[in-house]
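One file, upload_7.txt, carrying compact mmCIF, C-alpha atoms and all ligand atoms:
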# COMPACT_ATOMS: atom_id res chain seq x y z
CA MET A 1 -23.81 37.42 -34.39
CA ASP A 2 -23.13 36.76 -30.70
CA ASN A 3 -19.37 37.10 -30.62
CA ARG A 4 -18.71 36.28 -26.96
CA ALA A 5 -15.16 34.96 -27.45
CA GLU A 6 -12.68 36.67 -29.72
CA TYR A 7 -9.82 35.10 -31.60
CA THR A 8 -6.89 35.84 -29.29
CA PRO A 9 -3.51 34.78 -30.71
CA LYS A 10 -0.88 34.45 -28.02
CA GLY A 11 1.94 35.26 -30.39
CA ILE A 12 3.19 34.67 -33.89
CA ALA A 13 4.61 31.42 -35.35
CA PHE A 14 6.79 31.27 -38.47
CA ALA A 15 7.13 28.26 -40.77
CA PRO A 16 10.32 29.27 -42.64
CA SER A 17 9.66 26.26 -44.90
CA TYR A 18 8.02 22.85 -44.67
CA GLU A 19 11.15 21.05 -45.78
CA CYS A 20 11.94 18.17 -43.44
CA PRO A 21 14.07 15.06 -43.76
CA GLY A 22 12.26 13.42 -40.80
CA GLY A 23 9.87 11.24 -42.75
CA CYS A 24 7.72 10.60 -39.67
CA LEU A 25 4.94 8.13 -40.20
CA HIS A 26 2.36 10.23 -38.37
CA CYS A 27 3.45 13.65 -39.71
CA ASN A 28 0.54 16.08 -40.04
CA ILE A 29 2.07 18.08 -42.89
CA PRO A 30 0.33 17.17 -46.15
CA PHE A 31 3.48 16.74 -48.23
CA ASP A 32 1.36 15.49 -51.13
CA ARG A 33 -0.05 18.96 -51.81
CA ILE A 34 2.34 21.58 -50.42
CA ASP A 35 5.55 22.93 -51.91
CA ALA A 36 8.01 21.86 -49.22
CA LYS A 37 10.79 23.91 -50.84
CA ALA A 38 8.91 27.24 -50.61
CA GLU A 39 10.61 29.65 -48.19
CA LEU A 40 9.45 32.60 -46.13
CA ASP A 41 12.00 35.42 -46.32
CA ALA A 42 13.41 36.70 -43.06
CA GLY A 43 12.71 40.35 -43.91
CA SER A 44 8.97 39.71 -44.23
CA ALA A 45 9.02 37.71 -40.99
CA ALA A 46 10.84 40.52 -39.17
CA ARG A 47 8.26 43.03 -40.43
CA ALA A 48 5.40 40.77 -39.25
CA LEU A 49 7.17 40.47 -35.90
CA ARG A 50 7.24 44.27 -35.54
CA GLU A 51 3.56 44.44 -36.45
CA ALA A 52 2.77 41.70 -33.94
CA LYS A 53 4.60 43.57 -31.20
CA ALA A 54 2.74 46.77 -32.05
CA MET A 55 -0.52 44.81 -31.58
CA GLY A 56 0.51 43.65 -28.11
CA LEU A 57 1.81 40.16 -28.97
CA HIS A 58 4.95 39.43 -27.03
CA SER A 59 6.13 36.00 -28.13
CA PHE A 60 7.08 34.13 -31.27
CA GLN A 61 8.03 30.65 -32.32
CA PHE A 62 9.46 28.69 -35.21
CA VAL A 63 7.58 25.78 -36.71
CA GLY A 64 7.95 23.69 -39.84
CA GLY A 65 9.22 21.47 -41.35
CA GLU A 66 12.61 21.39 -39.67
CA PRO A 67 13.36 25.00 -38.70
CA THR A 68 17.09 24.48 -38.11
CA LEU A 69 17.51 23.92 -41.87
CA ARG A 70 16.86 27.68 -42.20
CA GLY A 71 19.64 28.89 -39.92
CA ASP A 72 19.97 32.39 -41.46
CA PHE A 73 16.23 32.90 -41.06
CA MET A 74 16.29 31.84 -37.42
CA VAL A 75 19.23 34.09 -36.55
CA GLU A 76 17.70 37.17 -38.21
CA VAL A 77 14.28 36.68 -36.63
CA VAL A 78 15.76 35.96 -33.19
CA ALA A 79 17.83 39.15 -33.42
CA GLU A 80 14.74 41.18 -34.39
CA GLY A 81 12.75 39.55 -31.58
CA ARG A 82 15.44 40.55 -29.12
CA ARG A 83 15.38 44.15 -30.37
CA LEU A 84 11.62 44.11 -29.77
CA SER A 85 11.89 42.40 -26.35
CA MET A 86 9.76 39.53 -27.62
CA LYS A 87 10.12 36.07 -26.15
CA PRO A 88 11.03 33.16 -28.44
CA HIS A 89 9.53 29.81 -27.52
CA ARG A 90 11.63 26.68 -27.80
CA PRO A 91 11.78 25.73 -31.49
CA PRO A 92 10.98 22.11 -32.34
CA THR A 93 13.72 20.06 -33.96
CA ASN A 94 14.16 16.48 -35.08
CA CYS A 95 17.95 17.01 -34.90
CA ALA A 96 18.58 16.01 -38.53
CA THR A 97 21.04 18.92 -38.85
CA ALA A 98 23.38 17.08 -36.45
CA ALA A 99 24.51 15.26 -39.59
CA ARG A 100 26.23 18.57 -40.53
CA PRO A 101 28.30 19.29 -37.39
CA GLU A 102 30.02 22.42 -38.72
CA TYR A 103 26.73 23.95 -39.86
CA LEU A 104 25.17 23.16 -36.49
CA ARG A 105 28.02 24.67 -34.47
CA ASP A 106 27.92 27.81 -36.60
CA LEU A 107 24.13 28.06 -36.16
CA PHE A 108 24.35 27.62 -32.39
CA ALA A 109 27.14 30.20 -32.12
CA ARG A 110 25.18 32.77 -34.16
CA LEU A 111 21.95 32.11 -32.28
CA LYS A 112 23.77 32.57 -29.00
CA GLN A 113 25.30 35.80 -30.24
CA ALA A 114 21.82 36.98 -31.25
CA GLY A 115 20.70 36.47 -27.65
CA PHE A 116 18.87 33.17 -28.04
CA THR A 117 18.52 31.30 -24.74
CA ALA A 118 15.17 29.52 -25.20
CA GLY A 119 16.55 26.02 -25.78
CA PHE A 120 14.93 23.51 -28.16
CA ARG A 121 12.01 21.09 -28.12
CA VAL A 122 13.78 17.97 -29.27
CA SER A 123 11.54 15.47 -30.97
CA CYS A 124 12.62 11.90 -30.33
CA ASP A 125 10.06 9.71 -32.07
CA GLU A 126 10.44 6.10 -32.96
CA PHE A 127 8.64 7.16 -36.13
CA HIS A 128 11.43 9.39 -37.38
CA GLY A 129 12.17 7.22 -40.34
CA ARG A 130 15.40 8.95 -41.29
CA VAL A 131 16.86 10.55 -38.14
CA PRO A 132 18.73 8.03 -35.96
CA PRO A 133 18.89 8.41 -32.16
CA GLU A 134 22.62 9.12 -32.54
CA SER A 135 21.77 12.37 -34.37
CA VAL A 136 19.48 13.39 -31.51
CA ALA A 137 22.36 12.68 -29.12
CA GLY A 138 24.83 14.64 -31.27
CA PHE A 139 22.50 17.65 -31.42
CA ILE A 140 22.10 17.78 -27.63
CA VAL A 141 25.80 17.20 -26.87
CA THR A 142 26.78 19.98 -29.30
CA ALA A 143 24.09 22.29 -27.93
CA ALA A 144 25.46 21.85 -24.40
CA ASP A 145 28.51 23.92 -25.47
CA TYR A 146 26.28 26.93 -26.24
CA PHE A 147 23.03 26.70 -24.28
CA ASP A 148 21.60 25.76 -20.90
CA LEU A 149 20.27 22.21 -21.33
CA THR A 150 17.75 22.72 -18.52
CA ARG A 151 15.85 24.97 -20.98
CA PHE A 152 15.46 22.01 -23.37
CA ALA A 153 12.61 19.50 -23.56
CA ILE A 154 12.40 16.14 -25.30
CA GLY A 155 9.03 15.13 -26.70
CA CYS A 156 8.14 11.61 -27.75
CA CYS A 157 5.06 11.23 -29.93
CA ASP A 158 4.00 7.59 -29.88
CA LYS A 159 1.02 5.85 -28.32
CA ASP A 160 3.46 3.31 -26.87
CA GLU A 161 5.52 4.98 -24.12
CA GLY A 162 7.68 1.85 -23.79
CA ARG A 163 8.77 2.25 -27.41
CA SER A 164 9.64 5.91 -26.75
CA ARG A 165 11.62 5.04 -23.64
CA ALA A 166 13.63 2.40 -25.53
CA ARG A 167 14.57 5.05 -28.09
CA LEU A 168 15.44 7.56 -25.35
CA GLU A 169 17.73 4.96 -23.77
CA ARG A 170 19.59 4.72 -27.08
CA VAL A 171 19.91 8.52 -27.16
CA ALA A 172 21.22 8.65 -23.57
CA ARG A 173 23.70 5.85 -24.28
CA ALA A 174 25.00 7.67 -27.35
CA MET A 175 25.26 10.95 -25.38
CA SER A 176 27.32 9.20 -22.72
CA GLU A 177 29.57 7.71 -25.39
CA MET A 178 30.04 11.23 -26.81
CA GLY A 179 31.25 12.38 -23.39
CA LEU A 180 28.08 13.79 -21.82
CA GLU A 181 27.08 11.33 -19.10
CA SER A 182 23.30 10.85 -19.38
CA ARG A 183 20.52 8.56 -18.21
CA VAL A 184 16.75 8.42 -18.62
CA GLY A 185 14.67 9.03 -15.48
CA ALA A 186 10.90 8.91 -14.98
CA ALA A 187 10.19 12.49 -16.07
CA LYS A 188 13.60 13.85 -17.03
CA MET A 189 16.73 12.91 -18.87
CA GLU A 190 19.51 13.52 -16.38
CA THR A 191 22.74 14.74 -17.94
CA ALA A 192 26.02 15.96 -16.47
CA ARG A 193 25.02 19.45 -17.73
CA GLY A 194 21.53 19.51 -16.17
CA SER A 195 18.23 17.68 -16.63
CA ILE A 196 15.98 17.84 -19.68
CA LYS A 197 12.23 17.53 -19.24
CA LEU A 198 10.55 14.57 -20.99
CA GLY A 199 7.05 14.53 -22.48
CA PHE A 200 5.05 11.64 -23.94
CA TRP A 201 1.88 11.87 -26.00
CA ALA A 202 -0.09 9.96 -28.59
CA PRO A 203 -0.08 11.26 -32.18
CA THR A 204 -2.93 12.93 -34.02
CA ARG A 205 -4.03 10.89 -37.04
CA PRO A 206 -2.98 12.66 -40.25
CA THR A 207 -5.85 13.25 -42.64
CA TRP A 208 -3.70 13.18 -45.78
CA LYS A 209 -2.70 9.53 -45.69
CA SER A 210 -4.04 6.34 -44.29
CA LEU A 211 -2.43 4.67 -41.30
CA PRO A 212 -3.60 1.72 -39.19
CA ASP A 213 -5.95 2.61 -36.30
CA SER A 214 -3.73 0.49 -34.05
CA GLU A 215 -1.13 3.32 -33.96
CA PHE A 216 -3.55 5.82 -32.38
CA VAL A 217 -5.54 6.50 -29.23
CA PHE A 218 -9.16 7.48 -29.93
CA ARG A 219 -11.27 9.83 -27.82
CA ASP A 220 -14.99 10.42 -27.44
CA VAL A 221 -16.44 13.89 -27.88
CA ALA A 222 -18.24 15.26 -24.81
CA ASP A 223 -20.39 18.28 -25.62
CA GLU A 224 -19.47 20.05 -22.40
CA ASP A 225 -17.04 22.68 -21.19
CA ALA A 226 -13.33 21.92 -20.90
CA GLY A 227 -12.52 20.88 -17.34
CA ALA A 228 -15.78 18.95 -17.00
CA GLY A 229 -14.47 16.16 -19.17
CA ALA A 230 -11.92 14.36 -16.99
CA PRO A 231 -11.72 10.63 -17.72
CA ARG A 232 -14.06 8.66 -15.48
CA ASP A 233 -12.92 5.11 -16.05
CA GLY A 234 -9.30 5.29 -17.13
CA SER A 235 -10.30 5.93 -20.74
CA PRO A 236 -8.57 8.80 -22.59
CA ALA A 237 -9.85 12.29 -21.77
CA PRO A 238 -12.70 13.23 -24.11
CA ILE A 239 -12.65 16.19 -26.51
CA THR A 240 -14.63 19.00 -24.86
CA ARG A 241 -15.71 22.57 -25.60
CA PHE A 242 -12.23 24.04 -25.18
CA GLY A 243 -11.99 27.44 -26.84
CA CYS A 244 -8.66 26.76 -28.55
CA LEU A 245 -8.54 30.11 -30.38
CA GLY A 246 -9.95 32.15 -27.48
CA PRO A 247 -8.37 34.06 -24.61
CA LEU A 248 -7.74 30.87 -22.61
CA GLY A 249 -6.71 28.87 -25.66
CA VAL A 250 -3.52 27.90 -27.39
CA GLY A 251 -3.82 29.79 -30.65
CA TYR A 252 -1.01 31.63 -32.43
CA VAL A 253 -1.14 33.37 -35.77
CA TRP A 254 0.86 31.01 -37.97
CA ILE A 255 2.69 32.36 -41.04
CA ASP A 256 3.19 29.93 -43.93
CA PRO A 257 6.24 30.09 -46.26
CA ASP A 258 4.07 31.82 -48.90
CA GLY A 259 2.99 34.48 -46.39
CA ASN A 260 -0.46 33.08 -45.74
CA ALA A 261 -1.56 33.66 -42.15
CA ARG A 262 -3.46 30.84 -40.47
CA ALA A 263 -5.61 31.30 -37.41
CA CYS A 264 -3.93 28.72 -35.24
CA CYS A 265 -0.91 26.54 -34.66
CA GLY A 266 -2.93 23.37 -34.18
CA ASN A 267 -2.37 20.01 -35.75
CA ALA A 268 -5.12 20.43 -38.31
CA ASN A 269 -4.42 23.94 -39.49
CA LEU A 270 -2.82 22.77 -42.74
CA PHE A 271 -5.73 20.48 -43.54
CA SER A 272 -8.18 23.22 -44.32
CA ASN A 273 -7.71 26.48 -46.19
CA LYS A 274 -10.65 27.79 -44.17
CA LEU A 275 -8.17 28.57 -41.42
CA ILE A 276 -6.27 30.94 -43.74
CA ILE A 277 -7.16 34.45 -42.59
CA GLY A 278 -5.00 36.57 -44.94
CA ASN A 279 -1.49 37.03 -46.30
CA ILE A 280 1.22 39.20 -44.76
CA HIS A 281 2.54 40.16 -48.23
CA ALA A 282 -0.84 41.70 -49.08
CA GLU A 283 -1.93 43.57 -45.95
CA PRO A 284 -0.84 44.45 -42.40
CA LEU A 285 -1.15 41.83 -39.70
CA ALA A 286 -3.53 44.04 -37.73
CA ALA A 287 -6.02 44.08 -40.62
CA ILE A 288 -5.77 40.29 -40.95
CA ILE A 289 -6.42 39.67 -37.27
CA ASP A 290 -9.17 42.26 -37.08
CA ARG A 291 -11.03 40.53 -39.93
CA ALA A 292 -10.51 37.09 -38.35
CA ARG A 293 -12.07 38.38 -35.12
CA ARG A 294 -15.27 39.08 -37.06
CA ASP A 295 -15.35 35.66 -38.73
CA PRO A 296 -18.17 33.51 -37.27
CA ALA A 297 -16.28 30.22 -37.70
CA ILE A 298 -13.11 31.57 -36.04
CA SER A 299 -15.25 33.02 -33.23
CA ALA A 300 -16.92 29.63 -32.68
CA LEU A 301 -13.46 28.04 -32.39
CA ALA A 302 -12.50 30.76 -29.90
CA GLU A 303 -15.66 30.13 -27.92
CA GLY A 304 -15.77 26.33 -27.75
CA GLY A 305 -13.32 24.82 -30.24
CA PRO A 306 -14.44 22.43 -32.98
CA VAL A 307 -17.26 21.07 -30.78
CA ALA A 308 -18.90 24.50 -30.85
CA LEU A 309 -18.12 24.92 -34.55
CA ALA A 310 -19.76 21.58 -35.40
CA ALA A 311 -22.90 22.66 -33.56
CA GLN A 312 -22.91 26.08 -35.28
CA MET A 313 -22.56 24.47 -38.71
CA GLY A 314 -25.33 21.91 -38.10
CA LEU A 315 -22.77 19.08 -38.11
CA SER A 316 -23.48 17.65 -34.65
CA ALA A 317 -23.57 14.14 -36.13
CA LEU A 318 -19.77 14.40 -36.39
CA LEU A 319 -19.63 14.55 -32.58
CA ASP A 320 -20.83 10.92 -32.36
CA ARG A 321 -17.54 9.63 -33.79
CA LYS A 322 -14.19 9.18 -32.08
CA TYR A 323 -11.09 11.22 -32.90
CA THR A 324 -7.41 11.13 -31.98
CA HIS A 325 -7.36 14.84 -31.09
CA ARG A 326 -9.57 17.93 -31.16
CA CYS A 327 -7.70 19.08 -34.28
CA GLU A 328 -8.76 15.95 -36.16
CA LEU A 329 -12.38 16.78 -35.31
CA CYS A 330 -11.67 20.34 -36.47
CA ALA A 331 -10.46 19.05 -39.85
CA ALA A 332 -13.59 16.88 -40.16
CA VAL A 333 -15.86 19.86 -39.45
CA LEU A 334 -14.06 22.35 -41.70
CA ASN A 335 -13.81 19.90 -44.59
CA ALA A 336 -17.37 18.50 -44.30
S1 LIG A 401 9.99 15.90 -37.83
FE1 LIG A 401 8.02 16.95 -37.71
S2 LIG A 401 7.76 18.00 -39.69
FE2 LIG A 401 9.38 16.47 -39.94
S3 LIG A 401 8.36 14.64 -40.78
FE3 LIG A 401 8.46 14.45 -38.53
S4 LIG A 401 6.52 15.27 -37.73
FE4 LIG A 401 6.79 15.99 -39.88
S1 LIG A 402 -8.99 22.55 -33.12
FE1 LIG A 402 -8.78 23.60 -35.08
S2 LIG A 402 -8.61 25.77 -34.59
FE2 LIG A 402 -8.27 24.61 -32.70
S3 LIG A 402 -6.05 24.36 -32.52
FE3 LIG A 402 -6.83 22.54 -33.62
S4 LIG A 402 -6.74 23.00 -35.83
FE4 LIG A 402 -6.52 24.94 -34.67

For the file at hand, write its structure as structure tokens.
Ligand code: SF4
Ligand code: SF4
Amino acid sequence: MDNRAEYTPKGIAFAPSYECPGGCLHCNIPFDRIDAKAELDAGSAARALREAKAMGLHSFQFVGGEPTLRGDFMVEVVAEGRRLSMKPHRPPTNCATAARPEYLRDLFARLKQAGFTAGFRVSCDEFHGRVPPESVAGFIVTAADYFDLTRFAIGCCDKDEGRSRARLERVARAMSEMGLESRVGAAKMETARGSIKLGFWAPTRPTWKSLPDSEFVFRDVADEDAGAGAPRDGSPAPITRFGCLGPLGVGYVWIDPDGNARACCGNANLFSNKLIIGNIHAEPLAAIIDRARRDPAISALAEGGPVALAAQMGLSALLDRKYTHRCELCAAVLNA
């Protein structure tokens, strides 16, 4: 097998559980078939972190679910990461825990004491069915007492940027009313305690439930290298041969609550068990990653993403359709 590109995780991601009160319309977590209450224990995560460091991985992140629901887990893993000189990435949060102000203050204080300075990736989607903008505001205003807000980011996942901006305006208004003067600019939310970077993107279509096409932006597939596929006529950038799991890619090794290790942190990784590469309760991380590096499907994803994998599996017909994201194509290929 010509294994020109190797699976190259950039770090390790922990899903302490998939529990989440967000209820987002476009959520990619298949809540119909996972146990959202299952929890990864912090001791196993800390051990995997040490093994990751020994393999030359230097960063980690929390995913979910809503990671701030597992405060003890976060504090213990952050403390271990600090002992190992590993860098935590900003954890995502939908800010639902702002409904429990004492819990949130205690979590922030303990995270700060454990050396956490990464900030948070605040999700501010119109589609959060159950988290009001006022909770997002409360989370940020509380966080300003413990962390540097310029390390924060706010991400809005909605094909309609106007809808996202209207929601951000509500957040900024509520923050001002809570005593932190704030306003929404073109690329940043300006607050009296520093500016927070804004990001807007269209959602990936979940494969576990049906939603109207009108909520998504669809892309062509261009069977060419990444970088060659810039939009030519204002249409969305096509999906190209981007080696998502390779050395220039975006792949992490993602640890599920049950200890399963998945080869990536992409949107589709929960849609196919073919991306499970082992279990940290059964064998060392190094053995798991070493085996994944010899897996032809993982190597194809490292070489040219799902476009390359489709070609390798004789599924090129799938490239004639449109997808919302490369990870949706990936799910189509792996589940064909
Ligand atoms: S906040 Fe995230 S994990 Fe929770 S429902 Fe929304 S998209 Fe899913
Ligand atoms: S395309 Fe597939 S392997 Fe690549 S990031 Fe998405 S789900 Fe992961």

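With distances restricted to only C-alpha atoms and all ligand atoms, A:Ala15 is the closest residue to ligand LIG 401 (chain A) from A:Ile289, A:Ala15, A:Leu275, A:Ala46.
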
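Picture a line from atom CA of A:Gly115 to atom CA of A:Ala48; it runs 19.7 Å.
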
Inset, instruction - Could you check which of A:Leu329, A:Met189, A:Ala153, A:Leu107 is closest to ligand LIG 402 (chain A), using all atoms listed in the file? - result: A:Leu329

Once 4 Å is added on each side, what centre and edge lengths in Å to one decimal does the axis-aligned box around all listed atoms of stretch 175-179 of chain A have, as AutoDock Vina command-line options?
--center_x 28.3 --center_y 10.0 --center_z -24.8 --size_x 14.0 --size_y 12.7 --size_z 12.1

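For the choices A:Leu319, A:Val253, A:Ala186, A:Ala54, the atom-to-atom distance to ligand LIG 402 (chain A) is smallest for A:Val253 when using only C-alpha atoms and all ligand atoms.
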
Legend entry - Best match for closeness to A:Ala336 among A:Leu149, A:Ile196, A:Ile34, A:Met313, counting only C-alpha atoms: A:Met313

Name the residues in contact with A:Ser299 at a cut-off of 9 Å, using all atoms listed in the file, excluding same-chain residues fewer than 5 positions from it; report them as a PDB file with C-alpha atoms, keeping the file's coordinate frame.
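Result saved to result.pdb:
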ATOM      1  CA  ASN A   3     -19.370  37.100 -30.620  1.00  0.00           C
ATOM      2  CA  ARG A   4     -18.710  36.280 -26.960  1.00  0.00           C
ATOM      3  CA  ALA A   5     -15.160  34.960 -27.450  1.00  0.00           C
ATOM      4  CA  GLU A   6     -12.680  36.670 -29.720  1.00  0.00           C
ATOM      5  CA  TYR A   7      -9.820  35.100 -31.600  1.00  0.00           C
ATOM      6  CA  LEU A 245      -8.540  30.110 -30.380  1.00  0.00           C
ATOM      7  CA  GLY A 246      -9.950  32.150 -27.480  1.00  0.00           C
ATOM      8  CA  ALA A 292     -10.510  37.090 -38.350  1.00  0.00           C
ATOM      9  CA  ARG A 293     -12.070  38.380 -35.120  1.00  0.00           C
ATOM     10  CA  ARG A 294     -15.270  39.080 -37.060  1.00  0.00           C
ATOM     11  CA  GLY A 304     -15.770  26.330 -27.750  1.00  0.00           C
ATOM     12  CA  GLY A 305     -13.320  24.820 -30.240  1.00  0.00           C
ATOM     13  CA  LEU A 309     -18.120  24.920 -34.550  1.00  0.00           C
TER      14      LEU A 309
END

Write out as a Markdown table a residue-level contact list of chain A versus ligand LIG 401 (chain A) with cut-off 6 Å: for each qualifying residue the closest pair of atoms and the distance in Å to one decimal, counting all atoms listed in the file, rows sorted by chain and residue number upward.
| residue | atom | partner | partner_atom | distance |
| --- | --- | --- | --- | --- |
| A:Cys20 | CA | A:LIG401 | FE2 | 4.7 |
| A:Gly22 | CA | A:LIG401 | S3 | 4.1 |
| A:Gly23 | CA | A:LIG401 | S3 | 4.2 |
| A:Cys24 | CA | A:LIG401 | FE3 | 4.1 |
| A:Cys27 | CA | A:LIG401 | S4 | 4.0 |
| A:Ile29 | CA | A:LIG401 | FE4 | 6.0 |
| A:Gly64 | CA | A:LIG401 | S2 | 5.7 |
| A:Gly65 | CA | A:LIG401 | S2 | 4.1 |
| A:Glu66 | CA | A:LIG401 | FE2 | 5.9 |
| A:Asn94 | CA | A:LIG401 | S1 | 5.0 |
| A:His128 | CA | A:LIG401 | FE3 | 6.0 |

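Between A:Pro247 and the residues A:Lys322, A:Leu301, A:Ala268, A:Leu40, the shortest atom-to-atom distance, using only C-alpha atoms, involves A:Leu301.
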
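Relative to atom CA of A:Cys157, atom CA of A:Lys197 is found at 14.3 Å.
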
Inset, instruction - Determine the nearest neighbour of A:Gly56 from the options A:Met86, A:Ala42, A:Cys95, A:Ala143, counting only C-alpha atoms. - result: A:Met86

Inset, instruction - Using only C-alpha atoms and all ligand atoms, determine which residues fall within 9 Å of ligand LIG 402 (chain A), then list them as a PyMOL selection string. - result: chain A and resi 242-245+249-252+262-272+275+298+301-302+305-307+325-331+334

Applying 7 Å and all atoms listed in the file, which residues near stretch 145-148 of chain A remain after dropping the ones on its own chain fewer than 2 positions away? List them as a PDB file with C-alpha atoms, keeping the file's coordinate frame.
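Below is the file result11.pdb, written as the result:
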ATOM      1  CA  PHE A 108      24.350  27.620 -32.390  1.00  0.00           C
ATOM      2  CA  ALA A 109      27.140  30.200 -32.120  1.00  0.00           C
ATOM      3  CA  LYS A 112      23.770  32.570 -29.000  1.00  0.00           C
ATOM      4  CA  THR A 117      18.520  31.300 -24.740  1.00  0.00           C
ATOM      5  CA  GLY A 119      16.550  26.020 -25.780  1.00  0.00           C
ATOM      6  CA  THR A 142      26.780  19.980 -29.300  1.00  0.00           C
ATOM      7  CA  ALA A 143      24.090  22.290 -27.930  1.00  0.00           C
ATOM      8  CA  THR A 150      17.750  22.720 -18.520  1.00  0.00           C
ATOM      9  CA  ARG A 151      15.850  24.970 -20.980  1.00  0.00           C
TER      10      ARG A 151
END

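Note that atom CA of A:Thr207 and atom CA of A:Ala332 are 8.9 Å apart.
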
Legend entry - Within 9 Å of file point (15.7, 42.0, -37.3), counting only C-alpha atoms, expressed as a PyMOL selection string: chain A and resi 42-43+45-47+49-50+75-84

Give me a file of those residues, with C-alpha atoms, as an mmCIF file, keeping the file's coordinate frame.
data_model
loop_
_atom_site.group_PDB
_atom_site.id
_atom_site.type_symbol
_atom_site.label_atom_id
_atom_site.label_comp_id
_atom_site.auth_asym_id
_atom_site.auth_seq_id
_atom_site.Cartn_x
_atom_site.Cartn_y
_atom_site.Cartn_z
ATOM 1 C CA ALA A 42 13.410 36.700 -43.060
ATOM 2 C CA GLY A 43 12.710 40.350 -43.910
ATOM 3 C CA ALA A 45 9.020 37.710 -40.990
ATOM 4 C CA ALA A 46 10.840 40.520 -39.170
ATOM 5 C CA ARG A 47 8.260 43.030 -40.430
ATOM 6 C CA LEU A 49 7.170 40.470 -35.900
ATOM 7 C CA ARG A 50 7.240 44.270 -35.540
ATOM 8 C CA VAL A 75 19.230 34.090 -36.550
ATOM 9 C CA GLU A 76 17.700 37.170 -38.210
ATOM 10 C CA VAL A 77 14.280 36.680 -36.630
ATOM 11 C CA VAL A 78 15.760 35.960 -33.190
ATOM 12 C CA ALA A 79 17.830 39.150 -33.420
ATOM 13 C CA GLU A 80 14.740 41.180 -34.390
ATOM 14 C CA GLY A 81 12.750 39.550 -31.580
ATOM 15 C CA ARG A 82 15.440 40.550 -29.120
ATOM 16 C CA ARG A 83 15.380 44.150 -30.370
ATOM 17 C CA LEU A 84 11.620 44.110 -29.770
#

Legend entry - Who sits within 12 Å of A:Val217, only C-alpha atoms, same chain under 2 positions skipped, as a ChimeraX atom specification: /A:157-160,201-205,212-215,219-220,235-238,322-325

Legend entry - Shell around A:Ser135 at 8 Å using all atoms listed in the file, local window under 3 positions removed, as a PyMOL selection string: chain A and resi 95-99+131-132+138-139

Since we have the selection now, will you write its residues out, keeping C-alpha atoms, as a PDB file, in the frame of the given file?
ATOM      1  CA  CYS A  95      17.950  17.010 -34.900  1.00  0.00           C
ATOM      2  CA  ALA A  96      18.580  16.010 -38.530  1.00  0.00           C
ATOM      3  CA  THR A  97      21.040  18.920 -38.850  1.00  0.00           C
ATOM      4  CA  ALA A  98      23.380  17.080 -36.450  1.00  0.00           C
ATOM      5  CA  ALA A  99      24.510  15.260 -39.590  1.00  0.00           C
ATOM      6  CA  VAL A 131      16.860  10.550 -38.140  1.00  0.00           C
ATOM      7  CA  PRO A 132      18.730   8.030 -35.960  1.00  0.00           C
ATOM      8  CA  GLY A 138      24.830  14.640 -31.270  1.00  0.00           C
ATOM      9  CA  PHE A 139      22.500  17.650 -31.420  1.00  0.00           C
TER      10      PHE A 139
END

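If you count only C-alpha atoms and ignore residues fewer than 5 places along the chain from A:His58, what sits within 7 Å of it is Gly11, Lys53, Met86 and Lys87 of chain A.
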
N, CA and C atoms for stretch 245-255 of chain A, written as a PDB file, keeping the file's coordinate frame, could you do that?
ATOM      1  N   LEU A 245      -9.006  28.839 -29.788  1.00  0.00           N
ATOM      2  CA  LEU A 245      -8.540  30.110 -30.380  1.00  0.00           C
ATOM      3  C   LEU A 245      -8.921  31.316 -29.526  1.00  0.00           C
ATOM      4  N   GLY A 246      -9.475  31.057 -28.335  1.00  0.00           N
ATOM      5  CA  GLY A 246      -9.950  32.150 -27.480  1.00  0.00           C
ATOM      6  C   GLY A 246      -8.902  32.606 -26.480  1.00  0.00           C
ATOM      7  N   PRO A 247      -9.327  33.469 -25.557  1.00  0.00           N
ATOM      8  CA  PRO A 247      -8.370  34.060 -24.610  1.00  0.00           C
ATOM      9  C   PRO A 247      -7.707  33.023 -23.702  1.00  0.00           C
ATOM     10  N   LEU A 248      -8.355  31.904 -23.448  1.00  0.00           N
ATOM     11  CA  LEU A 248      -7.740  30.870 -22.610  1.00  0.00           C
ATOM     12  C   LEU A 248      -7.145  29.744 -23.445  1.00  0.00           C
ATOM     13  N   GLY A 249      -7.102  29.947 -24.753  1.00  0.00           N
ATOM     14  CA  GLY A 249      -6.710  28.870 -25.660  1.00  0.00           C
ATOM     15  C   GLY A 249      -5.224  28.813 -25.946  1.00  0.00           C
ATOM     16  N   VAL A 250      -4.908  28.188 -27.048  1.00  0.00           N
ATOM     17  CA  VAL A 250      -3.520  27.900 -27.390  1.00  0.00           C
ATOM     18  C   VAL A 250      -3.147  28.466 -28.765  1.00  0.00           C
ATOM     19  N   GLY A 251      -3.991  29.361 -29.267  1.00  0.00           N
ATOM     20  CA  GLY A 251      -3.820  29.790 -30.650  1.00  0.00           C
ATOM     21  C   GLY A 251      -2.695  30.807 -30.862  1.00  0.00           C
ATOM     22  N   TYR A 252      -1.990  30.645 -31.935  1.00  0.00           N
ATOM     23  CA  TYR A 252      -1.010  31.630 -32.430  1.00  0.00           C
ATOM     24  C   TYR A 252      -1.496  32.059 -33.808  1.00  0.00           C
ATOM     25  N   VAL A 253      -0.945  33.128 -34.348  1.00  0.00           N
ATOM     26  CA  VAL A 253      -1.140  33.370 -35.770  1.00  0.00           C
ATOM     27  C   VAL A 253       0.092  32.776 -36.449  1.00  0.00           C
ATOM     28  N   TRP A 254      -0.183  31.870 -37.371  1.00  0.00           N
ATOM     29  CA  TRP A 254       0.860  31.010 -37.970  1.00  0.00           C
ATOM     30  C   TRP A 254       1.114  31.512 -39.385  1.00  0.00           C
ATOM     31  N   ILE A 255       2.364  31.818 -39.717  1.00  0.00           N
ATOM     32  CA  ILE A 255       2.690  32.360 -41.040  1.00  0.00           C
ATOM     33  C   ILE A 255       3.345  31.254 -41.887  1.00  0.00           C
TER      34      ILE A 255
END
